[in-house]
2 protein chains.
Amino acid sequence: MDGYIGWPLVLKQLSLGNEILGIDNFSRRKNVEEMKSWSAIPILSMKERIKLLKQDYGKKIDFKEGDMLNKEFINDIVKNFQPESIVHLAEQPSAPFSMIDQAHCVYTQHNNVIGNLNLLYAIKNHVPHTHLIKLGTMGEYGYEAGLEITEGFFDIEFRGKKATIPFPRQAGSWYHWSKVHDSNNIMFACKLWGIRSTDIMQGIVYGTRTSEITNEKLHTRFDFDEAFGTVINRFCAQAVIGHPITIYGEGGQTRGFLALIDSIQCISILLEKPAENHEYRVVNQFDQQYNVTELAKKIKTIGDKKGLQVDIGSFENPRVEKEKHYYKADHNKLRELGFKATREIDDEINSMLDDLIKYKDRIEKKKESIVKAIKWRS
Amino acid sequence: MDGYIGWPLVLKQLSLGNEILGIDNFSRRKNVEEMKSWSAIPILSMKERIKLLKQDYGKKIDFKEGDMLNKEFINDIVKNFQPESIVHLAEQPSAPFSMIDQAHCVYTQHNNVIGNLNLLYAIKNHVPHTHLIKLGTMGEYGYEAGLEITEGFFDIEFRGKKATIPFPRQAGSWYHWSKVHDSNNIMFACKLWGIRSTDIMQGIVYGTRTSEITNEKLHTRFDFDEAFGTVINRFCAQAVIGHPITIYGEGGQTRGFLALIDSIQCISILLEKPAENHEYRVVNQFDQQYNVTELAKKIKTIGDKKGLQVDIGSFENPRVEKEKHYYKADHNKLRELGFKATREIDDEINSMLDDLIKYKDRIEKKKESIVKAIKWRS
């Protein structure tokens, strides 16, 4: 519950009256430190966070420090708490981090795949009807096929036979593949044991604010280093300190995006409207598609109005990816469940820049972490 | 090089004049022991095997004991030996073993996925043009889709766009999924680093003999326990001791099959005709399709002629699988490369039964291992 999405999700769920047990091993703080960076916006320690929450929510909030790789820990937690739903956000979430070297590749796949297996077994053993919401990524599909991307499965005809099959996964980093491995394992667990799961193929999340972040002590972390800063967030932090926005190559890379507040909204909807028993449900969770050049231009326009004098740079692409490609992905299921985007991207960029300007010095201090050039082919 | 296929492959390659470095961690012997079983046909220790081979082949054969999970070991081996080709057979190969419990599931996926990643990095680091031949399984595809199965990829049209995409993988055990994870990681490594690999989707292998197994000391192991005995082999061992042949459920499960001697032939062809640089080549490696009831009947017919009085039993299916289903899989690539099946299945069953009758007492002693009923949903 210590991560970028986990913390505001807990705030939202508490505000709705739900009882929460959070867990974390604090690997995000450690891994960002390894990148010689930190959260641009200062955040409290978990001890302080829990103390604060307990003032308002008492016994409705609890926290245990522990690791998904510790199967006894996960089994005991699940057995004792008997959760109605589990939101699994506890993975190493950075593609560049997974591409640093062999150790980081193996750490990522091991941590994510085995941690997820441990959770699946804990559910099977102790709460077989619990709804597992698992965070995957739109990056599982990749964009290699050049097809319109569906939500998890699609219908095809081949040599005269029709079938509904998983949409092909053609991921682009060891991290993204770890998420594919997870999705496959979860799909199998649903079939094997009849557990129920929603696998979220999430777009890239950006922003600093949610309805429940009502004062500085409640801020969620905000990363801007090359590995853990997601693209809009990273670009905004760059704009604030006068660092050229780091477009990789041609800048035609197109992805789906979603404001933080809307990511929390979507997960909350999925919690209220769970998958059926035995169901492996896949949703594509994003609001709009943009390419990175469009995003950089938006940030420049909005930043320049604030007097930031934003430069857009062009950097050698350290990744192995197409810099211009067809991209069109379905994202209907969450809308059908009631999701409505609440934030325009321009407004969100505007408030992000305002929030970050206050912490310009903190970004300045760690600006070396913005371009470390983790090369996919190093 | 201590396994069912590894050992006769080494014999074949030595006979062709190639220089071999074998590695093994002896997990197969240990894991079969855990199943309270052993090889029906006695085999030498690796020490004895190497001593024997050195008499004929001298420095052309060497062996190192070690584990794929030990990245320094693998790196050093690959760096020092500078192999032209690597045949990776070093995985936990049993579906039932992976389904015993959480520990066996995690062991299987960890061992296979991380071991394979370590090998990919060793290749990238030290021998980027080496041809990696990796043993996968036809079970990666599963049979859920009800489509004709292609060799790795297929062409589809969807919403007006055409694409070549990976054939869907819908595996049926934690073991089979570990192989899918491997395939995905290898496909990515080929794209990322330009390494070359042939991923073998192998059918089920049966038999006791190859051209190079010319005396008793050269036998390869032959497993018949529930976990490590493949289906024809297991049925033949059952026939020999008068145990009813263990058909699971309706017995309509259809798979592709291949005689051991022809598996060795296929791998040898792939060694001689490697994938191109950057190429991720997938071949379906089997000779004929049968369903398990057909196989049981064949074994009964041949066994009865030898006076074995073979019974065919019907056992509650411990697996989660369809017992009757459409199955048709392409297997053209190896034929185009020159593969011709050398053994009729009836002849192979006949010689298997002859070989096993000699060791009837060894099968009898471990007959409890034939039906341990590892339940997929236990």
# chains A, B, ... in the order shown; residues from 1 in each chain; ligands from 1
$ residues_around --residues "Leu11 in chain A" --least-positions-apart "2" --cutoff "9 Å" --atoms "only C-alpha atoms" --output "short mmCIF file (atom, residue, chain, number, x, y, z; two decimals) with all heavy atoms, in the first residue's frame"
data_model
loop_
_atom_site.label_atom_id
_atom_site.label_comp_id
_atom_site.auth_asym_id
_atom_site.auth_seq_id
_atom_site.Cartn_x
_atom_site.Cartn_y
_atom_site.Cartn_z
N GLY A 6 -1.27 2.37 -4.84
CA GLY A 6 -1.76 1.70 -3.64
C GLY A 6 -2.21 2.67 -2.56
O GLY A 6 -3.30 2.50 -1.97
N TRP A 7 -1.41 3.68 -2.31
CA TRP A 7 -1.73 4.63 -1.23
C TRP A 7 -3.04 5.39 -1.50
O TRP A 7 -3.96 5.35 -0.66
CB TRP A 7 -0.54 5.56 -1.02
CG TRP A 7 -0.81 6.68 -0.08
CD1 TRP A 7 -0.91 8.01 -0.37
CD2 TRP A 7 -1.03 6.58 1.34
NE1 TRP A 7 -1.18 8.74 0.75
CE2 TRP A 7 -1.26 7.88 1.82
CE3 TRP A 7 -1.08 5.50 2.24
CZ2 TRP A 7 -1.52 8.17 3.16
CZ3 TRP A 7 -1.34 5.78 3.59
CH2 TRP A 7 -1.55 7.09 4.04
N PRO A 8 -3.19 6.04 -2.65
CA PRO A 8 -4.47 6.74 -2.86
C PRO A 8 -5.67 5.79 -2.98
O PRO A 8 -6.79 6.18 -2.66
CB PRO A 8 -4.26 7.52 -4.17
CG PRO A 8 -3.03 6.96 -4.80
CD PRO A 8 -2.21 6.36 -3.70
N LEU A 9 -5.42 4.54 -3.41
CA LEU A 9 -6.52 3.56 -3.44
C LEU A 9 -7.00 3.25 -2.02
O LEU A 9 -8.20 3.14 -1.77
CB LEU A 9 -6.07 2.28 -4.15
CG LEU A 9 -7.12 1.18 -4.24
CD1 LEU A 9 -8.33 1.61 -5.08
CD2 LEU A 9 -6.52 -0.11 -4.83
N GLN A 13 -10.73 3.84 -0.58
CA GLN A 13 -11.52 2.74 -0.03
C GLN A 13 -11.90 2.98 1.42
O GLN A 13 -12.99 2.62 1.86
CB GLN A 13 -10.76 1.41 -0.20
CG GLN A 13 -10.71 0.93 -1.65
CD GLN A 13 -12.10 0.71 -2.23
OE1 GLN A 13 -12.95 0.09 -1.61
NE2 GLN A 13 -12.33 1.26 -3.42
N LEU A 14 -11.01 3.62 2.18
CA LEU A 14 -11.36 3.98 3.55
C LEU A 14 -12.50 4.99 3.55
O LEU A 14 -13.44 4.91 4.35
CB LEU A 14 -10.13 4.55 4.28
CG LEU A 14 -9.06 3.53 4.67
CD1 LEU A 14 -7.81 4.23 5.18
CD2 LEU A 14 -9.59 2.56 5.74
N SER A 15 -12.42 5.96 2.62
CA SER A 15 -13.46 6.99 2.57
C SER A 15 -14.82 6.38 2.22
O SER A 15 -15.85 6.94 2.55
CB SER A 15 -13.09 8.08 1.55
OG SER A 15 -13.39 7.64 0.24
N LEU A 16 -14.79 5.23 1.56
CA LEU A 16 -16.05 4.55 1.21
C LEU A 16 -16.54 3.65 2.35
O LEU A 16 -17.58 2.99 2.23
CB LEU A 16 -15.84 3.69 -0.05
CG LEU A 16 -15.58 4.45 -1.35
CD1 LEU A 16 -15.21 3.47 -2.47
CD2 LEU A 16 -16.80 5.28 -1.75
N LEU A 53 -3.83 7.73 9.55
CA LEU A 53 -5.08 7.11 9.13
C LEU A 53 -5.88 6.57 10.31
O LEU A 53 -7.10 6.62 10.33
CB LEU A 53 -4.82 5.97 8.13
CG LEU A 53 -4.28 6.38 6.76
CD1 LEU A 53 -4.12 5.15 5.87
CD2 LEU A 53 -5.21 7.39 6.08
N GLU A 212 -9.16 12.30 -2.35
CA GLU A 212 -8.87 12.08 -0.93
C GLU A 212 -7.51 12.64 -0.52
O GLU A 212 -7.17 12.61 0.66
CB GLU A 212 -8.94 10.58 -0.62
CG GLU A 212 -10.33 9.97 -0.78
CD GLU A 212 -10.71 9.75 -2.24
OE1 GLU A 212 -9.80 9.56 -3.07
OE2 GLU A 212 -11.92 9.82 -2.57
N ILE A 213 -6.73 13.10 -1.48
CA ILE A 213 -5.44 13.73 -1.13
C ILE A 213 -5.73 15.20 -0.83
O ILE A 213 -5.60 16.08 -1.67
CB ILE A 213 -4.40 13.55 -2.26
CG1 ILE A 213 -4.14 12.06 -2.50
CG2 ILE A 213 -3.09 14.26 -1.90
CD1 ILE A 213 -3.15 11.74 -3.61
N LEU A 218 -1.02 13.71 2.96
CA LEU A 218 -1.69 12.58 2.29
C LEU A 218 -1.18 12.35 0.87
O LEU A 218 -1.67 11.45 0.17
CB LEU A 218 -3.21 12.81 2.28
CG LEU A 218 -3.88 12.75 3.66
CD1 LEU A 218 -5.34 13.14 3.58
CD2 LEU A 218 -3.75 11.35 4.28
#
$ residues_around --residues "Asp67 in chain A" --least-positions-apart "4" --cutoff "9 Å" --atoms "only C-alpha atoms" --output "PyMOL selection string"
chain A and resi 23-26+71+73-74+90+115
$ select_by_dssp --residues "range 207-282 of chain B" --states "strand (DSSP E)" --output "PyMOL selection string"
chain B and resi 245-248+254-259+280-282
$ select_by_dssp --residues "range 61-102 of chain A" --states "helix (DSSP H, G or I)" --output "PDB file with N, CA, C and O atoms, in the first residue's frame"
ATOM      1  N   LYS A  71       5.942 -17.148   1.420  1.00  0.00           N
ATOM      2  CA  LYS A  71       4.626 -17.761   1.247  1.00  0.00           C
ATOM      3  C   LYS A  71       3.886 -17.911   2.569  1.00  0.00           C
ATOM      4  O   LYS A  71       2.668 -17.816   2.613  1.00  0.00           O
ATOM      5  N   GLU A  72       4.615 -18.132   3.668  1.00  0.00           N
ATOM      6  CA  GLU A  72       3.944 -18.234   4.964  1.00  0.00           C
ATOM      7  C   GLU A  72       3.290 -16.898   5.321  1.00  0.00           C
ATOM      8  O   GLU A  72       2.152 -16.855   5.804  1.00  0.00           O
ATOM      9  N   PHE A  73       4.016 -15.822   5.089  1.00  0.00           N
ATOM     10  CA  PHE A  73       3.485 -14.487   5.372  1.00  0.00           C
ATOM     11  C   PHE A  73       2.165 -14.260   4.619  1.00  0.00           C
ATOM     12  O   PHE A  73       1.143 -13.880   5.214  1.00  0.00           O
ATOM     13  N   ILE A  74       2.190 -14.528   3.314  1.00  0.00           N
ATOM     14  CA  ILE A  74       0.997 -14.273   2.486  1.00  0.00           C
ATOM     15  C   ILE A  74      -0.144 -15.207   2.881  1.00  0.00           C
ATOM     16  O   ILE A  74      -1.302 -14.792   3.000  1.00  0.00           O
ATOM     17  N   ASN A  75       0.183 -16.462   3.113  1.00  0.00           N
ATOM     18  CA  ASN A  75      -0.844 -17.405   3.548  1.00  0.00           C
ATOM     19  C   ASN A  75      -1.501 -16.961   4.847  1.00  0.00           C
ATOM     20  O   ASN A  75      -2.726 -16.981   4.982  1.00  0.00           O
ATOM     21  N   ASP A  76      -0.679 -16.550   5.820  1.00  0.00           N
ATOM     22  CA  ASP A  76      -1.221 -16.149   7.123  1.00  0.00           C
ATOM     23  C   ASP A  76      -2.091 -14.901   7.007  1.00  0.00           C
ATOM     24  O   ASP A  76      -3.173 -14.830   7.588  1.00  0.00           O
ATOM     25  N   ILE A  77      -1.605 -13.932   6.253  1.00  0.00           N
ATOM     26  CA  ILE A  77      -2.354 -12.683   6.055  1.00  0.00           C
ATOM     27  C   ILE A  77      -3.741 -12.997   5.485  1.00  0.00           C
ATOM     28  O   ILE A  77      -4.763 -12.525   5.978  1.00  0.00           O
ATOM     29  N   VAL A  78      -3.742 -13.784   4.418  1.00  0.00           N
ATOM     30  CA  VAL A  78      -4.993 -14.061   3.709  1.00  0.00           C
ATOM     31  C   VAL A  78      -5.916 -14.906   4.591  1.00  0.00           C
ATOM     32  O   VAL A  78      -7.123 -14.667   4.675  1.00  0.00           O
ATOM     33  N   LYS A  79      -5.339 -15.862   5.287  1.00  0.00           N
ATOM     34  CA  LYS A  79      -6.127 -16.736   6.164  1.00  0.00           C
ATOM     35  C   LYS A  79      -6.762 -15.945   7.309  1.00  0.00           C
ATOM     36  O   LYS A  79      -7.933 -16.117   7.630  1.00  0.00           O
ATOM     37  N   ASN A  80      -5.989 -15.068   7.906  1.00  0.00           N
ATOM     38  CA  ASN A  80      -6.484 -14.365   9.090  1.00  0.00           C
ATOM     39  C   ASN A  80      -7.403 -13.201   8.757  1.00  0.00           C
ATOM     40  O   ASN A  80      -8.355 -12.933   9.464  1.00  0.00           O
ATOM     41  N   PHE A  81      -7.105 -12.501   7.653  1.00  0.00           N
ATOM     42  CA  PHE A  81      -7.907 -11.315   7.331  1.00  0.00           C
ATOM     43  C   PHE A  81      -9.181 -11.686   6.570  1.00  0.00           C
ATOM     44  O   PHE A  81     -10.175 -10.971   6.628  1.00  0.00           O
ATOM     45  N   ALA A  95       9.800  -1.144 -16.439  1.00  0.00           N
ATOM     46  CA  ALA A  95      10.451  -1.805 -17.569  1.00  0.00           C
ATOM     47  C   ALA A  95      11.955  -1.497 -17.606  1.00  0.00           C
ATOM     48  O   ALA A  95      12.768  -2.422 -17.666  1.00  0.00           O
ATOM     49  N   PRO A  96      12.350  -0.215 -17.565  1.00  0.00           N
ATOM     50  CA  PRO A  96      13.796   0.051 -17.616  1.00  0.00           C
ATOM     51  C   PRO A  96      14.573  -0.633 -16.486  1.00  0.00           C
ATOM     52  O   PRO A  96      15.674  -1.148 -16.705  1.00  0.00           O
ATOM     53  N   PHE A  97      13.982  -0.659 -15.295  1.00  0.00           N
ATOM     54  CA  PHE A  97      14.672  -1.300 -14.166  1.00  0.00           C
ATOM     55  C   PHE A  97      14.957  -2.767 -14.479  1.00  0.00           C
ATOM     56  O   PHE A  97      16.028  -3.288 -14.172  1.00  0.00           O
ATOM     57  N   SER A  98      13.998  -3.427 -15.138  1.00  0.00           N
ATOM     58  CA  SER A  98      14.170  -4.852 -15.468  1.00  0.00           C
ATOM     59  C   SER A  98      15.213  -5.076 -16.557  1.00  0.00           C
ATOM     60  O   SER A  98      15.659  -6.207 -16.768  1.00  0.00           O
ATOM     61  N   GLN A 102      21.346  -8.605 -15.987  1.00  0.00           N
ATOM     62  CA  GLN A 102      20.802  -9.923 -15.678  1.00  0.00           C
ATOM     63  C   GLN A 102      20.173  -9.960 -14.285  1.00  0.00           C
ATOM     64  O   GLN A 102      19.085 -10.517 -14.106  1.00  0.00           O
TER      65      GLN A 102
END
$ atom_distance --atom1 "CA of Gly207 in chain B" --atom2 "CA of Pro244 in chain B"
19.7 Å
$ atom_distance --atom1 "CA of Val371 in chain A" --atom2 "CA of His126 in chain B"
28.1 Å
$ atom_distance --atom1 "CA of Asn277 in chain B" --atom2 "CA of Arg196 in chain B"
4.9 Å
$ closest_residue --among "A:Lys367, A:Lys217, A:Lys134, A:Arg377" --to "Val87 in chain A" --atoms "only C-alpha atoms"
A:Lys134
$ interface_residues --of "chain A" --to "chain B" --cutoff "8 Å" --atoms "only C-alpha atoms" --output "PyMOL selection string"
chain A and resi 102+106+109-110+114+117-118+121+145-148+156-159+161-168+171-174+177+181+184-185+188+192-193+320+376-377
$ residues_around --residues "Lys54 in chain B" --least-positions-apart "5" --cutoff "12 Å" --atoms "only C-alpha atoms" --output "NGL selection string"
:B and (11 or 14 or 19-20 or 46-49 or 59-63)
$ residues_around --residues "range 281-288 of chain B" --least-positions-apart "2" --cutoff "10 Å" --atoms "only C-alpha atoms" --output "short mmCIF file (atom, residue, chain, number, x, y, z; two decimals) with C-alpha atoms, in the first residue's frame"
data_model
loop_
_atom_site.label_atom_id
_atom_site.label_comp_id
_atom_site.auth_asym_id
_atom_site.auth_seq_id
_atom_site.Cartn_x
_atom_site.Cartn_y
_atom_site.Cartn_z
CA ILE B 133 17.82 -25.38 -29.19
CA LYS B 134 15.29 -25.33 -26.41
CA LEU B 135 12.94 -28.14 -25.54
CA GLY B 136 9.37 -26.94 -25.23
CA THR B 137 6.26 -29.05 -25.57
CA MET B 138 3.20 -29.38 -27.78
CA ILE B 149 -2.38 -25.91 -34.42
CA THR B 150 0.34 -24.28 -36.49
CA GLU B 151 4.09 -24.22 -35.88
CA GLY B 152 4.51 -21.27 -33.54
CA PHE B 153 2.85 -18.53 -35.54
CA SER B 183 9.09 -19.57 -25.06
CA MET B 187 11.17 -15.02 -28.46
CA CYS B 190 15.89 -13.19 -30.14
CA ARG B 196 19.06 -17.39 -32.70
CA SER B 197 16.93 -20.13 -31.30
CA THR B 198 14.83 -23.11 -32.25
CA ASP B 199 12.03 -23.76 -29.81
CA ILE B 200 10.89 -27.36 -30.10
CA MET B 201 7.25 -28.02 -29.39
CA GLN B 202 7.77 -31.70 -28.82
CA GLY B 203 5.12 -34.36 -28.68
CA ILE B 204 5.27 -37.19 -26.17
CA VAL B 205 8.33 -39.37 -26.56
CA ARG B 255 -1.63 -35.89 -28.54
CA GLY B 256 1.31 -36.05 -30.96
CA PHE B 257 3.88 -38.80 -30.35
CA LEU B 258 7.43 -39.53 -31.37
CA ALA B 259 9.82 -42.45 -30.84
CA ASP B 262 13.28 -40.03 -33.89
CA SER B 263 13.42 -37.31 -31.25
CA CYS B 266 15.05 -34.39 -35.11
CA ILE B 267 17.30 -32.59 -32.63
CA LEU B 270 18.10 -28.96 -36.03
CA PRO B 274 20.29 -23.92 -37.29
CA ALA B 275 17.96 -20.96 -37.11
CA GLU B 276 19.24 -17.74 -38.71
CA HIS B 278 17.80 -13.08 -34.92
CA GLU B 279 15.46 -15.91 -35.81
CA TYR B 290 -3.04 -40.93 -31.24
CA ALA B 329 -1.46 -30.03 -35.44
CA ASP B 330 0.89 -29.08 -38.25
CA HIS B 331 4.29 -30.74 -38.26
CA ASN B 332 5.86 -29.96 -41.57
CA LYS B 333 8.99 -27.99 -40.80
CA LEU B 334 11.08 -30.90 -39.58
CA ARG B 335 10.00 -33.03 -42.53
CA PHE B 339 13.11 -35.75 -40.94
CA LYS B 340 11.70 -39.17 -41.75
CA ALA B 341 10.24 -41.33 -39.03
CA THR B 342 12.32 -44.49 -38.71
CA ARG B 343 10.14 -46.50 -36.36
CA GLU B 344 6.59 -47.73 -36.57
CA ILE B 345 4.90 -47.35 -33.23
#
$ closest_residue --among "A:Asp56, A:Asp355, A:Asp361, A:Glu348" --to "His219 in chain A" --atoms "only C-alpha atoms"
A:Asp355
$ residues_around --residues "range 220-234 of chain B" --least-positions-apart "5" --cutoff "9 Å" --atoms "only C-alpha atoms" --output "PyMOL selection string"
chain B and resi 2-8+28+31-32+35-44+93-98+204-209+213+239+245-246+292+295-296+299+349+352+363+366-374
